[in-house]
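Undergrad: This is the content of work_30.cif (mmCIF, C-alpha atoms (C1' of nucleotides)):
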```
data_my_file
#
loop_
_atom_site.label_atom_id
_atom_site.label_comp_id
_atom_site.auth_asym_id
_atom_site.auth_seq_id
_atom_site.Cartn_x
_atom_site.Cartn_y
_atom_site.Cartn_z
CA MET A 977 93.65 89.54 66.63
CA SER A 978 94.90 88.11 69.90
CA PHE A 979 98.43 86.85 70.13
CA ASN A 980 98.86 86.45 73.81
CA ILE A 981 95.25 85.47 74.39
CA LEU A 982 96.02 82.15 72.76
CA TYR A 983 95.88 80.90 76.30
CA LEU A 984 92.74 82.00 78.07
CA HIS A 985 91.73 85.50 78.96
CA LEU A 986 93.83 85.39 82.03
CA ASP A 987 96.37 87.54 80.29
CA TYR A 988 96.11 90.63 82.45
CA THR A 989 99.79 90.90 82.75
CA ARG A 990 99.63 94.62 83.35
CA ARG A 991 98.56 95.05 86.93
CA LYS A 992 99.66 98.31 88.42
CA MET A 993 99.85 99.65 91.92
CA PHE A 994 96.99 102.17 91.54
CA SER A 995 93.74 102.06 89.64
CA LYS A 996 93.39 104.26 86.60
CA ALA A 997 90.82 106.30 88.45
CA CYS A 998 93.39 106.93 91.14
CA LYS A 999 96.04 107.96 88.66
CA TYR A 1000 93.68 110.41 87.01
CA ALA A 1001 92.82 111.77 90.43
CA ILE A 1002 96.43 112.31 91.39
CA ASN A 1003 97.31 113.83 88.04
CA ALA A 1004 94.29 116.11 88.10
CA MET A 1005 95.13 117.43 91.53
CA ILE A 1006 98.76 117.91 90.61
CA TYR A 1007 97.73 119.80 87.51
CA VAL A 1008 95.45 122.17 89.39
CA ALA A 1009 98.20 122.66 91.95
CA THR A 1010 100.52 123.87 89.21
CA LEU A 1011 98.25 126.74 88.23
CA PRO A 1012 99.59 130.23 89.00
CA GLU A 1013 98.17 132.39 91.75
CA GLY A 1014 94.98 134.21 90.86
CA GLN A 1015 93.88 131.56 88.41
CA GLU A 1016 94.03 128.41 90.45
CA ARG A 1017 90.79 127.04 89.11
CA ALA A 1018 90.40 124.79 86.08
CA GLY A 1019 87.47 123.21 84.28
CA LEU A 1020 86.97 119.58 83.41
CA LYS A 1021 88.00 120.03 79.80
CA GLU A 1022 91.18 121.85 80.67
CA ILE A 1023 92.10 119.28 83.28
CA SER A 1024 91.46 116.19 81.21
CA LYS A 1025 93.34 117.74 78.31
CA ALA A 1026 96.26 118.59 80.56
CA ILE A 1027 96.53 115.11 81.99
CA ASN A 1028 95.43 113.26 78.87
CA SER A 1029 92.52 111.44 80.43
CA PRO A 1030 89.02 110.55 79.18
CA GLU A 1031 86.80 113.50 79.90
CA ALA A 1032 83.58 111.87 81.07
CA PHE A 1033 85.34 109.40 83.27
CA THR A 1034 87.50 112.13 84.71
CA ALA A 1035 84.33 114.05 85.54
CA LYS A 1036 83.22 111.21 87.79
CA ILE A 1037 86.53 111.15 89.55
CA LEU A 1038 86.57 114.90 90.09
CA GLN A 1039 83.11 114.63 91.62
CA GLU A 1040 84.43 112.01 93.97
CA LEU A 1041 87.32 114.26 94.95
CA VAL A 1042 84.85 117.04 95.64
CA ARG A 1043 82.88 114.70 97.91
CA HIS A 1044 86.08 113.94 99.71
CA ASP A 1045 86.75 117.66 100.20
CA LEU A 1046 89.94 117.54 98.22
CA PHE A 1047 88.56 119.71 95.44
CA SER A 1048 85.82 122.23 95.58
CA SER A 1049 83.83 123.05 92.51
CA VAL A 1050 81.98 126.01 91.05
CA LYS A 1051 79.35 125.73 88.36
CA GLY A 1052 78.63 128.08 85.50
CA PRO A 1053 80.88 130.30 83.39
CA ASN A 1054 84.44 130.42 84.64
CA GLY A 1055 83.52 127.61 86.96
CA GLY A 1056 85.66 124.58 87.55
CA PHE A 1057 87.66 122.89 90.24
CA HIS A 1058 90.11 124.26 92.71
CA ILE A 1059 92.00 122.68 95.51
CA GLN A 1060 90.25 122.70 98.82
CA GLY A 1061 92.82 123.78 101.35
CA ASN A 1062 96.56 124.25 101.27
CA PRO A 1063 98.47 122.18 98.71
CA ASN A 1064 101.32 122.10 101.19
CA LYS A 1065 99.09 120.17 103.52
CA ILE A 1066 97.41 117.84 101.08
CA PHE A 1067 99.29 114.61 100.70
CA LEU A 1068 99.22 111.95 98.04
CA SER A 1069 97.99 109.44 100.59
CA GLU A 1070 94.73 111.39 100.91
CA ILE A 1071 94.06 111.21 97.20
CA VAL A 1072 94.89 107.53 97.00
CA GLU A 1073 92.70 106.79 99.97
CA ALA A 1074 89.80 108.81 98.54
CA ILE A 1075 89.76 106.76 95.34
CA ASP A 1076 91.41 103.40 95.94
CA GLY A 1077 90.70 103.19 99.64
CA ASP A 1078 93.15 102.15 102.30
CA MET A 1079 93.53 98.49 101.44
CA LEU A 1080 96.87 99.19 99.83
CA PHE A 1081 98.02 100.46 103.21
CA THR A 1082 96.16 98.14 105.52
CA GLY A 1083 95.03 95.08 103.56
CA CYS A 1084 96.88 91.77 103.62
CA ALA A 1085 99.10 91.29 100.59
CA LEU A 1086 97.89 87.72 100.21
CA GLY A 1087 94.25 88.45 100.94
CA LEU A 1088 93.97 86.81 104.35
CA GLU A 1089 90.84 88.07 105.99
CA LYS A 1090 92.29 88.38 109.45
CA CYS A 1091 95.96 88.84 108.79
CA SER A 1092 97.69 90.27 111.86
CA GLU A 1093 100.78 89.97 114.01
CA ASP A 1094 99.09 87.14 115.86
CA HIS A 1095 97.88 85.35 112.77
CA PRO A 1096 100.10 86.54 109.93
CA CYS A 1097 100.11 85.44 106.33
CA PRO A 1098 103.36 83.94 105.05
CA VAL A 1099 104.64 87.26 103.73
CA HIS A 1100 103.29 89.48 106.48
CA HIS A 1101 106.64 90.44 107.99
CA LYS A 1102 108.17 90.94 104.57
CA PHE A 1103 105.47 93.35 103.53
CA LEU A 1104 105.40 95.41 106.69
CA ALA A 1105 108.51 97.29 105.69
CA ILE A 1106 107.34 97.80 102.13
CA ARG A 1107 103.99 99.06 103.24
CA ASP A 1108 105.53 101.42 105.77
CA HIS A 1109 107.89 102.70 103.15
CA LEU A 1110 105.08 103.26 100.67
CA THR A 1111 102.62 104.85 103.06
CA GLY A 1112 105.34 106.95 104.64
CA MET A 1113 106.24 108.31 101.27
CA LEU A 1114 102.65 109.00 100.28
CA MET A 1115 101.87 110.62 103.62
CA THR A 1116 104.83 112.98 103.39
CA THR A 1117 104.67 113.91 99.73
CA SER A 1118 102.51 116.98 99.36
CA LEU A 1119 100.75 118.21 96.29
CA ARG A 1120 102.99 121.31 96.43
CA ASP A 1121 106.11 119.10 96.35
CA VAL A 1122 105.18 117.37 93.16
CA ALA A 1123 103.45 120.33 91.50
CA ASP A 1124 106.62 122.39 91.90
CA ARG A 1125 108.59 119.79 90.02
CA VAL A 1126 106.16 120.12 87.15
CA ASN A 1127 106.30 123.90 87.28
CA ILE A 1128 110.06 124.09 87.10
CA GLY A 1129 109.94 121.68 84.19
CA ILE A 1130 111.67 118.65 85.67
CA SER A 1131 108.65 116.39 85.55
CA PHE A 1132 105.62 115.89 83.36
CA LEU A 1133 101.93 115.14 83.47
CA LYS A 1134 101.54 113.45 80.13
CA TYR A 1135 103.19 111.13 77.60
CA MET B 768 70.93 97.18 99.45
CA SER B 769 73.74 99.57 98.74
CA PHE B 770 74.78 102.01 101.40
CA ASN B 771 78.03 103.29 100.04
CA ILE B 772 76.88 103.10 96.45
CA LEU B 773 74.64 106.05 97.11
CA TYR B 774 77.28 107.86 95.16
CA LEU B 775 78.06 106.19 91.84
CA HIS B 776 79.62 102.84 91.28
CA LEU B 777 83.05 104.32 91.68
CA ASP B 778 83.22 102.88 95.09
CA TYR B 779 86.00 100.36 94.59
CA THR B 780 87.69 101.45 97.66
CA ARG B 781 89.46 98.16 98.05
CA ARG B 782 92.30 98.17 95.60
CA LYS B 783 95.13 95.92 96.56
CA MET B 784 98.68 95.54 95.43
CA PHE B 785 98.17 92.18 93.70
CA SER B 786 95.29 90.74 91.73
CA LYS B 787 93.30 87.94 93.30
CA ALA B 788 94.66 85.60 90.65
CA CYS B 789 98.14 86.49 91.79
CA LYS B 790 97.36 85.93 95.44
CA TYR B 791 95.89 82.52 94.68
CA ALA B 792 98.99 81.72 92.67
CA ILE B 793 101.34 82.69 95.48
CA ASN B 794 99.29 80.88 98.10
CA ALA B 795 99.03 77.77 95.95
CA MET B 796 102.75 77.59 95.42
CA ILE B 797 103.46 78.20 99.07
CA TYR B 798 101.04 75.46 100.01
CA VAL B 799 102.64 72.91 97.72
CA ALA B 800 106.04 73.97 99.01
CA THR B 801 104.93 73.07 102.52
CA LEU B 802 104.25 69.45 101.65
CA PRO B 803 106.60 66.89 103.23
CA GLU B 804 109.20 65.01 101.23
CA GLY B 805 107.88 62.07 99.29
CA GLN B 806 104.44 63.58 98.85
CA GLU B 807 105.18 66.94 97.38
CA ARG B 808 102.36 66.79 94.88
CA ALA B 809 98.83 68.05 95.42
CA GLY B 810 95.65 68.10 93.36
CA LEU B 811 93.47 71.05 92.54
CA LYS B 812 90.88 70.20 95.19
CA GLU B 813 93.43 69.85 97.92
CA ILE B 814 95.13 73.08 96.96
CA SER B 815 92.05 75.22 96.69
CA LYS B 816 90.78 73.84 99.96
CA ALA B 817 94.08 74.56 101.65
CA ILE B 818 94.22 78.13 100.45
CA ASN B 819 90.49 78.76 100.53
CA SER B 820 90.14 79.75 96.88
CA PRO B 821 87.47 79.08 94.25
CA GLU B 822 88.28 75.76 92.65
CA ALA B 823 87.55 76.37 88.99
CA PHE B 824 89.27 79.73 88.95
CA THR B 825 92.23 78.30 90.77
CA ALA B 826 92.44 75.64 88.08
CA LYS B 827 93.01 78.32 85.46
CA ILE B 828 95.71 79.90 87.51
CA LEU B 829 97.49 76.63 88.13
CA GLN B 830 97.43 76.01 84.38
CA GLU B 831 99.05 79.36 83.88
CA LEU B 832 101.73 78.53 86.42
CA VAL B 833 102.38 75.28 84.59
CA ARG B 834 102.82 77.22 81.34
CA HIS B 835 105.29 79.43 83.11
CA ASP B 836 107.23 76.37 84.29
CA LEU B 837 106.64 77.16 87.92
CA PHE B 838 104.49 74.10 88.46
CA SER B 839 104.47 70.86 86.58
CA SER B 840 101.37 68.75 86.45
CA VAL B 841 100.44 65.10 86.15
CA LYS B 842 97.07 63.85 85.04
CA GLY B 843 95.12 60.86 86.26
CA PRO B 844 94.93 59.11 89.62
CA ASN B 845 97.35 60.52 92.14
CA GLY B 846 98.03 63.29 89.70
CA GLY B 847 98.30 66.93 90.63
CA PHE B 848 100.77 69.74 90.74
CA HIS B 849 104.28 69.88 92.03
CA ILE B 850 106.84 72.59 92.07
CA GLN B 851 109.06 72.66 89.04
CA GLY B 852 112.55 73.13 90.35
CA ASN B 853 114.03 73.96 93.71
CA PRO B 854 111.80 75.97 96.07
CA ASN B 855 114.97 77.55 97.37
CA LYS B 856 115.51 79.05 93.97
CA ILE B 857 111.98 80.09 93.13
CA PHE B 858 111.23 83.61 94.22
CA LEU B 859 107.98 85.42 94.79
CA SER B 860 108.86 87.82 91.99
CA GLU B 861 108.63 84.99 89.48
CA ILE B 862 105.11 84.13 90.56
CA VAL B 863 103.96 87.73 90.55
CA GLU B 864 105.47 88.28 87.15
CA ALA B 865 103.86 85.13 85.74
CA ILE B 866 100.38 86.29 86.72
CA ASP B 867 100.34 90.07 87.14
CA GLY B 868 103.21 90.82 84.79
CA ASP B 869 106.05 93.19 85.46
CA MET B 870 104.17 96.47 85.38
CA LEU B 871 104.25 96.64 89.15
CA PHE B 872 108.03 96.60 88.88
CA THR B 873 108.53 98.59 85.71
CA GLY B 874 105.35 100.58 84.97
CA CYS B 875 104.94 104.24 85.81
CA ALA B 876 102.97 104.78 89.01
CA LEU B 877 100.97 107.55 87.35
CA GLY B 878 100.53 105.79 84.03
CA LEU B 879 102.79 107.94 81.89
CA GLU B 880 103.48 106.06 78.71
CA LYS B 881 107.11 107.03 78.45
CA CYS B 882 108.06 107.74 82.02
CA SER B 883 111.83 107.69 82.43
CA GLU B 884 114.73 109.49 84.04
CA ASP B 885 114.72 111.92 81.12
CA HIS B 886 110.99 112.44 81.11
CA PRO B 887 109.77 111.51 84.57
CA CYS B 888 106.27 111.74 85.98
CA PRO B 889 105.86 113.94 89.05
CA VAL B 890 106.35 111.06 91.47
CA HIS B 891 108.99 109.16 89.52
CA HIS B 892 111.85 109.78 91.92
CA LYS B 893 109.66 109.10 94.92
CA PHE B 894 108.58 105.75 93.59
CA LEU B 895 111.99 104.54 92.54
CA ALA B 896 112.94 103.69 96.10
CA ILE B 897 109.61 102.02 96.82
CA ARG B 898 109.78 99.96 93.70
CA ASP B 899 113.34 98.90 94.39
CA HIS B 900 112.39 97.97 97.90
CA LEU B 901 109.41 95.95 96.72
CA THR B 902 111.12 94.15 93.86
CA GLY B 903 114.22 93.54 95.95
CA MET B 904 112.10 91.87 98.58
CA LEU B 905 110.16 89.78 96.07
CA MET B 906 113.31 88.75 94.24
CA THR B 907 115.02 87.58 97.40
CA THR B 908 112.13 85.89 99.14
CA SER B 909 112.07 82.25 98.13
CA LEU B 910 109.21 79.84 98.28
CA ARG B 911 111.21 77.83 100.81
CA ASP B 912 111.53 80.90 103.05
CA VAL B 913 107.83 81.46 103.34
CA ALA B 914 106.79 77.80 103.25
CA ASP B 915 109.02 77.11 106.24
CA ARG B 916 107.21 79.76 108.21
CA VAL B 917 103.96 77.98 107.52
CA ASN B 918 105.43 74.61 108.41
CA ILE B 919 106.72 75.70 111.77
CA GLY B 920 103.34 77.24 112.47
CA ILE B 921 104.21 80.92 112.63
CA SER B 922 102.22 81.92 109.59
CA PHE B 923 99.04 80.85 107.87
CA LEU B 924 97.49 80.29 104.46
CA LYS B 925 93.91 80.96 105.30
CA TYR B 926 91.47 83.09 107.36
"C1'" DA C 1148 64.59 137.52 83.59
"C1'" DT C 1149 66.90 134.97 80.28
"C1'" DA C 1150 70.59 132.77 77.97
"C1'" DT C 1151 74.72 130.58 78.52
"C1'" DT C 1152 78.07 127.91 80.76
"C1'" DA C 1153 79.89 124.20 83.44
"C1'" DA C 1154 79.48 120.83 87.14
"C1'" DA C 1155 76.31 117.02 89.16
"C1'" DG C 1156 73.97 113.06 88.48
"C1'" DG C 1157 71.65 109.15 86.28
"C1'" DA C 1158 71.54 105.61 82.86
"C1'" DC C 1159 73.92 102.88 80.08
"C1'" DA C 1160 77.98 100.50 77.41
"C1'" DA C 1161 82.41 98.24 76.95
"C1'" DA C 1162 86.30 95.99 78.71
"C1'" DA C 1163 88.74 93.50 82.15
"C1'" DA C 1164 88.84 90.47 86.14
"C1'" DT C 1165 86.78 86.90 88.57
"C1'" DA C 1166 84.32 82.77 88.46
"C1'" DT C 1167 81.68 78.42 86.92
"C1'" DC C 1168 80.52 74.49 84.08
"C1'" DC C 1169 81.20 71.05 80.84
"C1'" DT C 1170 83.92 68.43 77.43
"C1'" DT C 1171 88.38 66.57 76.11
"C1'" DT C 1172 92.83 64.63 76.97
"C1'" DA C 1173 96.01 61.88 79.26
"C1'" DA C 1174 97.48 59.47 83.06
"C1'" DT C 1175 96.83 55.23 86.33
"C1'" DC C 1176 94.54 51.10 88.01
"C1'" DT C 1177 92.06 46.92 87.38
"C1'" DA D 1174 91.54 46.98 76.77
"C1'" DG D 1175 88.38 49.33 79.70
"C1'" DA D 1176 87.18 52.07 83.74
"C1'" DT D 1177 88.48 55.68 86.58
"C1'" DT D 1178 90.78 59.74 87.88
"C1'" DA D 1179 92.47 64.36 87.43
"C1'" DA D 1180 94.37 68.11 84.65
"C1'" DA D 1181 93.62 70.93 80.16
"C1'" DG D 1182 90.82 73.57 77.57
"C1'" DG D 1183 86.62 75.80 75.75
"C1'" DA D 1184 82.48 78.28 76.47
"C1'" DT D 1185 79.96 81.13 79.17
"C1'" DA D 1186 78.38 83.97 83.30
"C1'" DT D 1187 79.05 87.53 86.82
"C1'" DT D 1188 81.20 91.40 88.89
"C1'" DT D 1189 84.16 95.25 88.83
"C1'" DT D 1190 86.46 98.83 86.46
"C1'" DT D 1191 86.59 101.94 82.90
"C1'" DG D 1192 84.22 104.73 79.95
"C1'" DT D 1193 80.27 107.50 77.39
"C1'" DC D 1194 76.04 110.11 76.87
"C1'" DC D 1195 72.37 112.82 78.13
"C1'" DT D 1196 69.49 115.42 81.45
"C1'" DT D 1197 69.37 118.34 85.52
"C1'" DT D 1198 71.10 121.84 88.56
"C1'" DA D 1199 73.31 125.93 89.68
"C1'" DA D 1200 76.36 129.44 88.73
"C1'" DT D 1201 77.55 133.76 85.75
"C1'" DA D 1202 76.80 137.13 82.06
"C1'" DT D 1203 73.83 139.79 79.18
#
```
Rewrite the structure of this file - the entire thing - as structure tokens.

TA:
Amino acid sequence: MSFNILYLHLDYTRRKMFSKACKYAINAMIYVATLPEGQERAGLKEISKAINSPEAFTAKILQELVRHDLFSSVKGPNGGFHIQGNPNKIFLSEIVEAIDGDMLFTGCALGLEKCSEDHPCPVHHKFLAIRDHLTGMLMTTSLRDVADRVNIGISFLKY
Amino acid sequence: MSFNILYLHLDYTRRKMFSKACKYAINAMIYVATLPEGQERAGLKEISKAINSPEAFTAKILQELVRHDLFSSVKGPNGGFHIQGNPNKIFLSEIVEAIDGDMLFTGCALGLEKCSEDHPCPVHHKFLAIRDHLTGMLMTTSLRDVADRVNIGISFLKY
DNA sequence: ATATTAAAGGACAAAAATATCCTTTAATCT
DNA sequence: AGATTAAAGGATATTTTTGTCCTTTAATAT
């Protein structure tokens, strides 16, 4: 039952920019940011249903976000997760960095250990602009920004 | 012997844009593109030494590049790999697509199955520009471009 | 106080990516 | 033709990422 695995298992032709864990993290935080005032806390089940993610795995990621002070959590009845701080001042870059780290922003695109201006990889200069563009965008896009788009119905968290 | 694994094995804080396989592929092709006229073919050992990559794994990747008509290969003594076609007309995008697929260019950043203008994810519009920037760069940067930089000594394939 | 609820945490499982080894195939060289 | 060389391909191993399950901890509600 493998058409394109005819040739080796080097078929992973579906590499994306972020890890799944990171996507779940971003989606989860956006979802919680969309909740109305007075009820801005949501439980694991609610969150993973809202963003269509595997519950147990999502739990691990939410824990990680709590450790990174992006969420805070409350146990027991009516417990759950709420955003730690002001969604206007939480940026996508912080979520990405919490889960995927900063290699996307700082690491060499070609994997050179000591890639730098002095000792650049062959695509160093080409990627500088891309990286700046990407990190600039992530560092200026707040949770509020994107959550509002969901709330007014012009963007979506699942399917 | 695990300091930052104190908390779960969700520590993969080193996500990069491309897979390792893809980096090896790009580096390998750049290396072969740097070879002087008349000897523009290199064997697996030479290549993986030049780009500092694991030999056997690199072999698989070179095979894949041959299947994608980016390299052609010759067996036996003095065999090896040479670039199939004109390095001026081979672009980084083709190598990335051969190994990592086109999800980086076309896939939704947040993993929405049917992310589109009509039904966009919360960061759709923000990522459009990034993606265009990235793919534009990859589609216009030729192997010759980057190989020349290595040849004149202003960029490097290892360390 | 006790029961209930929900997150935290540990152990484990499955899948994908990375990597190695060994055999087979096809060139070249003698 | 036979020996040698190097890529192709198959099998397998390791590591990382993704995912599940079950117990423990700490809140709330009765």

Undergrad: Set the cut-off to 7 Å and count only C-alpha atoms (C1' of nucleotides): what are the residues of chain C that reach chain A? Output as an MDAnalysis selection string.

TA: chainID C and resid 1152:1154

Undergrad: Taking only C-alpha atoms into account, name the residue in B:Leu910, B:Ala896, B:Cys888, B:Val863 that is nearest to chain A.

TA: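 Under the stated criterion, the closest residue is B:Cys888.
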
Undergrad: Residues of chain D near chain B: apply a cut-off of 8 Å, count all atoms listed in the file, and supply the list as a list in words.

TA: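 Putting it all together, I get DT1177, DT1178, DA1179, DA1180, DA1181 and DT1189 of chain D.
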
Undergrad: Quick one: apply the PyMOL selection byres ((chain B) within 6 of (chain A)) to the file and drop the selected residues here as a PyMOL selection string.

TA: chain B and resi 780-784+790+867-868+870-871+877+879-881+887-889+913+922-923+925-926

Undergrad: Smallest atom-to-atom distance to DT1191 of chain D: which of A:Glu1022, A:Glu1070, A:Glu1016, A:Glu1031, using all atoms listed in the file?

TA: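 That would be A:Glu1031, the residue with the smallest distance to DT1191 of chain D.
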
Undergrad: Write out as JSON, numbers by chain the residues lying within 10 Å of DA1186 of chain D, counting only C-alpha atoms (C1' of nucleotides) and excluding same-chain residues fewer than 2 positions away.

TA: {"C": [1166, 1167, 1168], "D": [1184, 1188]}

Undergrad: Put chain A on top of chain B with a least-squares fit on all C-alpha atoms, paired in order, and send it back as a CSV table (one decimal) with C-alpha atoms, keeping the file's coordinate frame.

TA:
```
chain,number,residue,atom,x,y,z
A,977,MET,CA,71.1,97.1,99.4
A,978,SER,CA,73.9,99.6,98.7
A,979,PHE,CA,74.9,102.0,101.4
A,980,ASN,CA,78.1,103.3,100.0
A,981,ILE,CA,77.0,103.1,96.4
A,982,LEU,CA,74.7,106.0,97.1
A,983,TYR,CA,77.3,107.9,95.1
A,984,LEU,CA,78.0,106.2,91.8
A,985,HIS,CA,79.6,102.8,91.3
A,986,LEU,CA,83.0,104.3,91.6
A,987,ASP,CA,83.2,102.9,95.1
A,988,TYR,CA,86.0,100.4,94.6
A,989,THR,CA,87.7,101.5,97.7
A,990,ARG,CA,89.5,98.2,98.1
A,991,ARG,CA,92.3,98.2,95.6
A,992,LYS,CA,95.1,95.9,96.6
A,993,MET,CA,98.7,95.5,95.4
A,994,PHE,CA,98.2,92.2,93.7
A,995,SER,CA,95.3,90.7,91.7
A,996,LYS,CA,93.3,87.9,93.3
A,997,ALA,CA,94.6,85.6,90.7
A,998,CYS,CA,98.1,86.5,91.8
A,999,LYS,CA,97.3,85.9,95.4
A,1000,TYR,CA,95.9,82.5,94.7
A,1001,ALA,CA,99.0,81.7,92.7
A,1002,ILE,CA,101.3,82.7,95.5
A,1003,ASN,CA,99.3,80.9,98.1
A,1004,ALA,CA,99.0,77.8,96.0
A,1005,MET,CA,102.7,77.6,95.4
A,1006,ILE,CA,103.5,78.2,99.1
A,1007,TYR,CA,101.1,75.4,100.0
A,1008,VAL,CA,102.7,72.9,97.7
A,1009,ALA,CA,106.0,74.0,99.0
A,1010,THR,CA,105.0,73.1,102.5
A,1011,LEU,CA,104.3,69.5,101.6
A,1012,PRO,CA,106.6,66.9,103.2
A,1013,GLU,CA,109.2,65.0,101.2
A,1014,GLY,CA,107.9,62.1,99.2
A,1015,GLN,CA,104.5,63.6,98.8
A,1016,GLU,CA,105.2,67.0,97.4
A,1017,ARG,CA,102.4,66.8,94.9
A,1018,ALA,CA,98.8,68.0,95.4
A,1019,GLY,CA,95.7,68.1,93.4
A,1020,LEU,CA,93.5,71.0,92.5
A,1021,LYS,CA,90.9,70.2,95.2
A,1022,GLU,CA,93.4,69.8,97.9
A,1023,ILE,CA,95.1,73.1,97.0
A,1024,SER,CA,92.1,75.2,96.7
A,1025,LYS,CA,90.8,73.8,100.0
A,1026,ALA,CA,94.1,74.5,101.6
A,1027,ILE,CA,94.2,78.1,100.5
A,1028,ASN,CA,90.5,78.7,100.5
A,1029,SER,CA,90.1,79.7,96.9
A,1030,PRO,CA,87.5,79.1,94.3
A,1031,GLU,CA,88.3,75.8,92.7
A,1032,ALA,CA,87.5,76.4,89.0
A,1033,PHE,CA,89.2,79.7,89.0
A,1034,THR,CA,92.2,78.3,90.8
A,1035,ALA,CA,92.4,75.6,88.1
A,1036,LYS,CA,93.0,78.3,85.5
A,1037,ILE,CA,95.7,79.9,87.5
A,1038,LEU,CA,97.5,76.6,88.1
A,1039,GLN,CA,97.4,76.0,84.4
A,1040,GLU,CA,99.0,79.4,83.9
A,1041,LEU,CA,101.7,78.5,86.4
A,1042,VAL,CA,102.4,75.3,84.6
A,1043,ARG,CA,102.8,77.2,81.3
A,1044,HIS,CA,105.3,79.4,83.1
A,1045,ASP,CA,107.2,76.4,84.3
A,1046,LEU,CA,106.6,77.2,87.9
A,1047,PHE,CA,104.5,74.1,88.5
A,1048,SER,CA,104.5,70.9,86.6
A,1049,SER,CA,101.4,68.8,86.4
A,1050,VAL,CA,100.4,65.1,86.2
A,1051,LYS,CA,97.1,63.9,85.1
A,1052,GLY,CA,95.1,60.9,86.3
A,1053,PRO,CA,94.9,59.1,89.6
A,1054,ASN,CA,97.3,60.5,92.2
A,1055,GLY,CA,98.0,63.3,89.7
A,1056,GLY,CA,98.3,66.9,90.6
A,1057,PHE,CA,100.8,69.7,90.7
A,1058,HIS,CA,104.3,69.9,92.0
A,1059,ILE,CA,106.8,72.6,92.0
A,1060,GLN,CA,109.1,72.7,89.0
A,1061,GLY,CA,112.6,73.1,90.3
A,1062,ASN,CA,114.0,74.0,93.7
A,1063,PRO,CA,111.8,76.0,96.1
A,1064,ASN,CA,115.0,77.6,97.4
A,1065,LYS,CA,115.5,79.1,94.0
A,1066,ILE,CA,112.0,80.1,93.1
A,1067,PHE,CA,111.2,83.6,94.2
A,1068,LEU,CA,108.0,85.4,94.8
A,1069,SER,CA,108.9,87.8,92.0
A,1070,GLU,CA,108.6,85.0,89.5
A,1071,ILE,CA,105.1,84.1,90.6
A,1072,VAL,CA,104.0,87.7,90.6
A,1073,GLU,CA,105.5,88.3,87.2
A,1074,ALA,CA,103.8,85.1,85.7
A,1075,ILE,CA,100.4,86.3,86.7
A,1076,ASP,CA,100.3,90.1,87.1
A,1077,GLY,CA,103.2,90.8,84.8
A,1078,ASP,CA,106.0,93.2,85.5
A,1079,MET,CA,104.2,96.5,85.4
A,1080,LEU,CA,104.2,96.6,89.2
A,1081,PHE,CA,108.0,96.6,88.9
A,1082,THR,CA,108.5,98.6,85.7
A,1083,GLY,CA,105.4,100.6,85.0
A,1084,CYS,CA,105.0,104.2,85.8
A,1085,ALA,CA,103.0,104.8,89.0
A,1086,LEU,CA,101.0,107.5,87.4
A,1087,GLY,CA,100.5,105.8,84.0
A,1088,LEU,CA,102.8,107.9,81.9
A,1089,GLU,CA,103.5,106.1,78.7
A,1090,LYS,CA,107.1,107.0,78.5
A,1091,CYS,CA,108.1,107.7,82.0
A,1092,SER,CA,111.8,107.7,82.4
A,1093,GLU,CA,114.7,109.5,84.1
A,1094,ASP,CA,114.7,111.9,81.1
A,1095,HIS,CA,111.0,112.4,81.1
A,1096,PRO,CA,109.8,111.5,84.6
A,1097,CYS,CA,106.3,111.7,86.0
A,1098,PRO,CA,105.9,113.9,89.1
A,1099,VAL,CA,106.4,111.1,91.5
A,1100,HIS,CA,109.0,109.2,89.5
A,1101,HIS,CA,111.9,109.8,92.0
A,1102,LYS,CA,109.7,109.1,94.9
A,1103,PHE,CA,108.6,105.8,93.6
A,1104,LEU,CA,112.0,104.5,92.6
A,1105,ALA,CA,112.9,103.7,96.1
A,1106,ILE,CA,109.6,102.0,96.8
A,1107,ARG,CA,109.8,100.0,93.7
A,1108,ASP,CA,113.3,98.9,94.4
A,1109,HIS,CA,112.4,98.0,97.9
A,1110,LEU,CA,109.4,96.0,96.7
A,1111,THR,CA,111.1,94.2,93.9
A,1112,GLY,CA,114.2,93.5,96.0
A,1113,MET,CA,112.1,91.9,98.6
A,1114,LEU,CA,110.2,89.8,96.1
A,1115,MET,CA,113.3,88.8,94.2
A,1116,THR,CA,115.0,87.6,97.4
A,1117,THR,CA,112.1,85.9,99.1
A,1118,SER,CA,112.1,82.3,98.1
A,1119,LEU,CA,109.2,79.9,98.3
A,1120,ARG,CA,111.2,77.8,100.8
A,1121,ASP,CA,111.5,80.9,103.1
A,1122,VAL,CA,107.8,81.5,103.3
A,1123,ALA,CA,106.8,77.8,103.2
A,1124,ASP,CA,109.0,77.1,106.2
A,1125,ARG,CA,107.2,79.8,108.2
A,1126,VAL,CA,104.0,78.0,107.5
A,1127,ASN,CA,105.4,74.6,108.4
A,1128,ILE,CA,106.7,75.7,111.8
A,1129,GLY,CA,103.3,77.2,112.5
A,1130,ILE,CA,104.2,80.9,112.6
A,1131,SER,CA,102.2,81.9,109.6
A,1132,PHE,CA,99.0,80.8,107.9
A,1133,LEU,CA,97.5,80.3,104.5
A,1134,LYS,CA,93.9,81.0,105.3
A,1135,TYR,CA,91.5,83.1,107.4
```
